[in-house]
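data_15.cif (mmCIF, C-alpha atoms)
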data_entry
#
loop_
_atom_site.label_atom_id
_atom_site.label_comp_id
_atom_site.auth_asym_id
_atom_site.auth_seq_id
_atom_site.Cartn_x
_atom_site.Cartn_y
_atom_site.Cartn_z
CA MET A 1 2.79 -15.26 18.35
CA SER A 2 2.50 -12.68 21.10
CA SER A 3 0.62 -9.55 20.19
CA PRO A 4 2.95 -6.99 21.85
CA ARG A 5 5.79 -8.43 19.81
CA LEU A 6 3.88 -7.98 16.56
CA GLU A 7 2.84 -4.49 17.60
CA ARG A 8 6.43 -3.52 18.30
CA ARG A 9 7.48 -4.96 14.97
CA GLU A 10 4.81 -3.02 13.13
CA THR A 11 5.73 0.23 14.85
CA MET A 12 9.40 -0.34 14.12
CA THR A 13 8.58 -0.83 10.44
CA TYR A 14 7.23 2.73 10.31
CA VAL A 15 10.10 4.14 12.39
CA VAL A 16 12.73 2.46 10.23
CA GLY A 17 10.92 3.52 7.04
CA TYR A 18 10.75 7.13 8.18
CA ARG A 19 14.41 7.23 9.21
CA LEU A 20 15.52 5.73 5.91
CA ALA A 21 13.33 8.21 4.02
CA LEU A 22 14.93 11.14 5.87
CA LEU A 23 18.42 9.78 5.33
CA LEU A 24 17.91 9.19 1.59
CA THR A 25 16.25 12.59 1.14
CA CYS A 26 19.04 14.46 2.94
CA ALA A 27 21.64 12.55 0.91
CA ALA A 28 20.00 13.51 -2.39
CA PHE A 29 19.50 17.17 -1.47
CA GLY A 30 22.97 17.44 0.12
CA LEU A 31 24.57 16.04 -3.00
CA VAL A 32 22.99 18.74 -5.17
CA TYR A 33 23.26 21.60 -2.66
CA PHE A 34 26.97 21.17 -1.94
CA HIS A 35 27.88 20.24 -5.53
CA LEU A 36 29.68 17.17 -4.25
CA VAL A 37 30.08 15.47 -7.61
CA GLY A 38 29.90 16.30 -11.30
CA ALA A 39 26.58 16.85 -13.05
CA ARG A 40 26.35 13.53 -14.85
CA LEU A 41 27.21 11.48 -11.76
CA ALA A 42 24.90 13.58 -9.57
CA PHE A 43 22.09 12.92 -12.05
CA THR A 44 22.59 9.16 -11.73
CA ILE A 45 22.97 9.14 -7.94
CA VAL A 46 19.87 11.29 -7.36
CA ALA A 47 17.82 8.97 -9.58
CA GLY A 48 19.25 5.96 -7.72
CA LEU A 49 18.52 7.41 -4.27
CA GLY A 50 14.98 8.22 -5.40
CA ALA A 51 14.45 4.67 -6.63
CA VAL A 52 15.76 3.21 -3.36
CA GLN A 53 13.51 5.49 -1.35
CA MET A 54 10.49 4.36 -3.38
CA VAL A 55 11.31 0.76 -2.54
CA VAL A 56 11.61 1.72 1.15
CA GLN A 57 8.20 3.41 1.02
CA PHE A 58 6.59 0.43 -0.69
CA ARG A 59 8.10 -1.94 1.82
CA CYS A 60 7.71 -0.01 5.08
CA PHE A 61 4.60 2.12 4.57
CA LEU A 62 2.52 0.26 1.99
CA HIS A 63 3.62 -3.11 3.43
CA ILE A 64 4.18 -4.67 0.05
CA ASP A 65 6.76 -7.37 -0.17
CA ILE A 66 7.53 -9.87 -2.84
CA LYS A 67 7.64 -12.93 -0.62
CA ARG A 68 4.22 -13.10 0.95
CA SER A 69 0.85 -12.31 -0.60
CA ALA A 70 0.09 -8.94 -2.19
CA ARG A 71 2.11 -10.07 -5.17
CA ALA A 72 -0.86 -9.59 -7.45
CA ASP A 73 -1.06 -5.97 -6.31
CA LEU A 74 2.22 -5.23 -8.01
CA MET B 1 12.31 -14.27 10.60
CA ASP B 2 9.05 -16.00 9.85
CA SER B 3 8.33 -16.61 13.51
CA VAL B 4 7.82 -12.88 14.01
CA ALA B 5 6.27 -12.24 10.61
CA GLY B 6 2.76 -12.64 11.92
CA PRO B 7 -0.25 -13.68 9.93
CA GLN B 8 -0.05 -13.62 6.18
CA ARG B 9 -0.65 -10.26 4.61
CA ARG B 10 -3.73 -10.33 2.47
CA HIS B 11 -3.74 -6.80 1.14
CA VAL B 12 -1.49 -3.77 0.87
CA GLY B 13 -1.25 -1.51 3.88
CA LEU B 14 -1.39 -2.55 7.50
CA ASN B 15 -3.68 -5.56 7.92
CA LEU B 16 -5.85 -4.59 10.86
CA SER B 17 -7.29 -7.93 11.84
CA ASP B 18 -5.60 -11.22 12.57
CA HIS B 19 -8.84 -12.98 11.76
CA PRO B 20 -8.55 -14.65 8.33
CA GLN B 21 -12.18 -14.21 7.24
CA GLU B 22 -12.29 -10.54 8.21
CA VAL B 23 -9.03 -9.79 6.43
CA ARG B 24 -10.24 -11.61 3.33
CA ASP B 25 -13.33 -9.39 3.21
CA VAL B 26 -11.19 -6.27 3.46
CA GLU B 27 -8.83 -7.58 0.81
CA SER B 28 -11.24 -7.22 -2.09
CA ASP B 29 -12.35 -3.74 -0.95
CA VAL B 30 -8.79 -2.51 -0.69
CA PHE B 31 -7.86 -4.07 -4.01
CA GLY B 32 -10.49 -1.95 -5.77
CA PHE B 33 -8.89 1.16 -4.34
CA TRP B 34 -5.49 -0.15 -5.34
CA VAL B 35 -6.65 -0.33 -8.96
CA PHE B 36 -7.59 3.35 -8.70
CA PHE B 37 -4.02 4.05 -7.55
CA MET B 38 -2.65 2.28 -10.53
CA SER B 39 -4.69 4.52 -12.82
CA ALA B 40 -3.40 7.53 -10.89
CA ALA B 41 0.12 6.15 -11.33
CA VAL B 42 -0.44 5.99 -15.09
CA LEU B 43 -1.64 9.60 -15.04
CA PHE B 44 1.48 10.75 -13.19
CA ALA B 45 3.70 8.66 -15.45
CA LEU B 46 2.22 10.46 -18.48
CA LEU B 47 2.74 13.87 -16.88
CA PHE B 48 6.33 12.93 -16.04
CA ALA B 49 6.88 11.81 -19.64
CA VAL B 50 5.53 15.15 -20.92
CA TYR B 51 7.68 17.06 -18.43
CA GLY B 52 10.72 15.03 -19.45
CA THR B 53 10.48 16.34 -23.02
CA MET B 54 10.23 19.98 -21.91
CA PRO B 55 13.34 21.12 -19.97
CA ALA B 56 14.74 22.95 -23.00
CA ALA B 57 11.38 24.40 -24.07
CA THR B 58 11.68 27.57 -22.02
CA VAL B 59 11.33 29.95 -25.00
CA GLY B 60 13.03 32.79 -23.14
CA ALA B 61 11.09 32.32 -19.91
CA PRO B 62 13.01 31.41 -16.73
CA GLY B 63 14.17 27.76 -16.62
CA PRO B 64 14.60 25.33 -13.72
CA LEU B 65 17.81 26.94 -12.44
CA GLN B 66 16.19 30.35 -12.03
CA MET B 67 12.83 29.08 -10.80
CA PHE B 68 13.50 26.30 -8.31
CA LYS B 69 14.68 27.01 -4.78
CA ILE B 70 16.38 24.07 -3.16
CA GLY B 71 15.66 25.24 0.40
CA ALA B 72 11.90 25.48 -0.15
CA ALA B 73 11.84 22.17 -2.02
CA PHE B 74 13.72 20.54 0.85
CA ILE B 75 11.34 21.82 3.54
CA GLU B 76 8.31 20.80 1.44
CA THR B 77 9.80 17.34 1.05
CA LEU B 78 10.38 17.01 4.80
CA LEU B 79 6.83 18.16 5.56
CA LEU B 80 5.27 15.67 3.17
CA LEU B 81 7.48 12.73 4.10
CA THR B 82 6.89 13.46 7.78
CA SER B 83 3.12 13.55 7.28
CA SER B 84 3.19 9.87 6.32
CA PHE B 85 4.74 8.83 9.62
CA PRO B 86 1.91 9.95 11.95
CA PHE B 87 -0.52 8.22 9.61
CA GLY B 88 1.44 5.03 10.12
CA LEU B 89 1.06 5.52 13.86
CA ALA B 90 -2.65 6.21 13.31
CA SER B 91 -2.95 2.85 11.52
CA ILE B 92 -1.35 1.14 14.48
CA ALA B 93 -3.60 3.00 16.93
CA LEU B 94 -6.59 1.94 14.81
CA LYS B 95 -5.48 -1.65 15.05
CA ARG B 96 -4.40 -1.78 18.68
CA ASP B 97 -5.76 0.96 20.87
CA VAL B 98 -9.01 0.64 22.72
CA ARG B 99 -9.36 4.37 23.14
CA ALA B 100 -9.70 6.67 20.15
CA ALA B 101 -7.66 9.58 21.57
CA ARG B 102 -4.33 8.58 20.07
CA LEU B 103 -5.88 7.76 16.70
CA VAL B 104 -7.51 11.20 16.59
CA LEU B 105 -4.26 12.90 17.59
CA TRP B 106 -2.32 11.30 14.72
CA LEU B 107 -5.17 11.98 12.31
CA VAL B 108 -4.98 15.67 13.22
CA VAL B 109 -1.18 15.86 12.90
CA THR B 110 -1.18 14.23 9.44
CA PRO B 111 -3.37 16.72 7.53
CA ALA B 112 -1.79 19.61 9.48
CA LEU B 113 1.57 18.68 7.95
CA GLY B 114 -0.11 18.19 4.58
CA ILE B 115 -1.67 21.64 4.74
CA ALA B 116 1.67 23.18 5.75
CA PHE B 117 3.16 21.51 2.67
CA LEU B 118 0.40 22.92 0.48
CA ALA B 119 0.82 26.41 1.94
CA MET B 120 4.55 26.38 1.12
CA GLU B 121 3.93 24.99 -2.33
CA GLY B 122 1.26 27.60 -3.00
CA GLN B 123 3.63 30.35 -1.93
CA ASP B 124 6.29 28.86 -4.20
CA PHE B 125 3.91 28.89 -7.15
CA ALA B 126 2.90 32.48 -6.43
CA THR B 127 6.55 33.60 -6.22
CA MET B 128 7.33 31.84 -9.50
CA ALA B 129 4.32 33.41 -11.22
CA ALA B 130 5.32 36.87 -9.96
CA ASP B 131 8.88 36.22 -11.15
CA HIS B 132 7.93 35.90 -14.85
CA GLY B 133 7.36 32.16 -14.38
CA ALA B 134 3.60 31.82 -14.77
CA HIS B 135 2.19 28.59 -16.22
CA ASP B 136 1.46 30.15 -19.62
CA ARG B 137 4.94 31.55 -20.24
CA SER B 138 6.52 28.45 -21.76
CA ARG B 139 5.90 24.80 -22.46
CA PHE B 140 8.37 23.94 -19.72
CA LEU B 141 6.43 25.95 -17.14
CA SER B 142 3.09 24.52 -18.32
CA ALA B 143 4.42 20.97 -17.92
CA PHE B 144 5.87 21.85 -14.51
CA PHE B 145 2.67 23.37 -13.14
CA VAL B 146 0.47 20.55 -14.43
CA LEU B 147 2.70 17.84 -12.96
CA VAL B 148 3.44 19.40 -9.57
CA GLY B 149 0.00 21.00 -9.40
CA MET B 150 -1.67 17.62 -10.01
CA HIS B 151 0.24 16.20 -7.05
CA GLY B 152 -0.77 19.23 -4.95
CA LEU B 153 -4.39 18.69 -5.94
CA HIS B 154 -4.17 15.09 -4.74
CA VAL B 155 -2.67 16.22 -1.42
CA THR B 156 -5.50 18.77 -1.06
CA ILE B 157 -8.11 16.06 -1.57
CA ASP B 158 -6.20 13.87 0.87
CA ALA B 159 -6.25 16.54 3.57
CA ILE B 160 -9.97 17.17 3.07
CA TRP B 161 -10.65 13.43 3.16
CA THR B 162 -8.74 13.07 6.43
CA ILE B 163 -10.84 15.82 7.99
CA VAL B 164 -14.00 14.10 6.73
CA MET B 165 -12.76 10.88 8.33
CA LEU B 166 -12.31 12.69 11.65
CA VAL B 167 -15.95 13.78 11.44
CA GLN B 168 -17.06 10.25 10.53
CA LEU B 169 -15.01 8.90 13.40
CA SER B 170 -16.73 11.19 15.87
CA ILE B 171 -20.20 10.27 14.56
CA PHE B 172 -19.94 6.55 13.78
CA GLY B 173 -16.99 5.48 15.91
CA ARG B 174 -14.69 2.81 14.59
CA ASP B 175 -17.17 0.69 12.66
CA ARG B 176 -16.25 -1.45 9.69
CA SER B 177 -16.68 1.12 6.94
CA VAL B 178 -14.80 3.80 8.87
CA LYS B 179 -11.92 1.39 9.38
CA LEU B 180 -11.97 0.43 5.72
CA ASN B 181 -11.89 4.06 4.63
CA LEU B 182 -8.99 4.75 6.98
CA ILE B 183 -7.03 1.89 5.40
CA ARG B 184 -7.70 3.34 1.95
CA LEU B 185 -6.79 6.83 3.12
CA SER B 186 -3.51 5.60 4.59
CA LEU B 187 -2.62 4.06 1.23
CA PHE B 188 -3.44 7.38 -0.45
CA TRP B 189 -1.04 9.34 1.83
CA HIS B 190 1.78 6.85 1.36
CA PHE B 191 1.17 6.70 -2.39
CA LEU B 192 1.44 10.49 -2.74
CA ASP B 193 4.74 10.33 -0.87
CA ILE B 194 6.07 8.04 -3.56
CA VAL B 195 4.90 10.40 -6.30
CA TRP B 196 6.60 13.28 -4.48
CA ILE B 197 9.86 11.34 -4.29
CA ALA B 198 9.75 11.14 -8.07
CA ILE B 199 8.93 14.88 -8.26
CA PHE B 200 11.74 16.10 -6.02
CA SER B 201 14.25 13.74 -7.67
CA VAL B 202 13.28 14.29 -11.28
CA VAL B 203 11.91 17.83 -11.27
CA TYR B 204 13.60 19.81 -8.51
CA LEU B 205 16.98 18.15 -8.01
CA GLN B 206 17.62 17.26 -11.66
CA GLY B 207 16.60 20.81 -12.56
CA LEU B 208 19.09 22.27 -10.08
CA ILE B 209 22.07 20.13 -11.02
CA GLN B 210 24.49 22.33 -12.94
#

Spell out the structure here as structure tokens.
Amino acid sequence: MSSPRLERRETMTYVVGYRLALLLTCAAFGLVYFHLVGARLAFTIVAGLGAVQMVVQFRCFLHIDIKRSARADL
Amino acid sequence: MDSVAGPQRRHVGLNLSDHPQEVRDVESDVFGFWVFFMSAAVLFALLFAVYGTMPAATVGAPGPLQMFKIGAAFIETLLLLTSSFPFGLASIALKRDVRAARLVLWLVVTPALGIAFLAMEGQDFATMAADHGAHDRSRFLSAFFVLVGMHGLHVTIDAIWTIVMLVQLSIFGRDRSVKLNLIRLSLFWHFLDIVWIAIFSVVYLQGLIQ
């Protein structure tokens, strides 16, 4: 495989991870700041968004996936 | 998908070399550090569990609604999440670039954002303490300061470590042990991001939901 292609892919992983992190963070804070939904639902959604963002961080920044290798690390 | 997946990943974090033997050597070194993370994760899990039992234990002292400011928490979150991104770029520069300039640039930006985060957090803590919310006022506040303070302590060590790595980089260049330490350090930054996600979700936002 060509190296520039891998390099681009690796850079994009960080870019995508960062964008997703920003998006999920803004969603969680916006939800609470603007009181968009009731307390109980907000509680669940914030926890859900946090969990999704953790998965994004594991995948994009720590480069852990379930398919290849690194399985023992989990 | 697999055609662009590249060589198999041997360890967590960005695998710097495409050479199987070299990556295998790094694997065991990084795994040791990973075990340390897991113990840190257990520590944070315990602190979260303690905090989770305390929201009502304010004994007359200000609670989450009076203490937490969503604007400050938001900016702190952005600073810390953003600090991880330049470190990702530093990892790529470490792997790809012949010259060290770009690597050094990203390694300066990362702790700068981390220190900005710490400065804001410190100011937050000081405001809370001045506002009848010191750590010894209630069990809730004790649990809060231990949990969030422990994360802040980790970020402090992280920032110092990054500066030490810059010094090592200037003295030794990019030799094997410097590279290895940079891989470990990158894991540390990204790991603390994940802990902070739990903190802003569980502590700040849940505390501010009415």

Contacts of Val50 (chain B) at 7 Å (all atoms listed in the file; same-chain gap of 4+ positions) as a PyMOL selection string: chain B and resi 46+54+143

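Polymer residues near (13.1, 38.9, -16.9): counting all atoms listed in the file with a cut-off of 12 Å, they are B:Gly60, B:Ala61, B:Pro62, B:Gly63, B:Gln66, B:Met67, B:Met128, B:Ala129, B:Ala130, B:Asp131, B:His132, B:Gly133, B:Arg137.
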
Suppose a student applies the PyMOL selection byres ((chain A) within 9 of (chain B)) to this structure; what residues should they get, written as a ChimeraX atom specification? /A:1-2,5-7,9-11,14-15,17-18,21-22,25-26,28-29,32-33,35,38-40,42-43,46-47,49-51,53-54,57-58,61-64,68-70,73

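Taking all atoms listed in the file into account, Ile115 (chain B) lies nearest to B:Ser83 out of the set B:Ser28, B:Ser39, B:Ser142, B:Ser83.
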
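Distance-wise, CA of Ala27 (chain A) and CA of Thr44 (chain A) end up 13.1 Å apart.
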
What is the CA of Val52 (chain A)-CA of Ala40 (chain B) distance in Å, reported with one decimal? 21.0 Å

May I ask for the distance between CA of Leu16 (chain B) and CA of Leu43 (chain B), given in Å to one decimal place? 29.8 Å
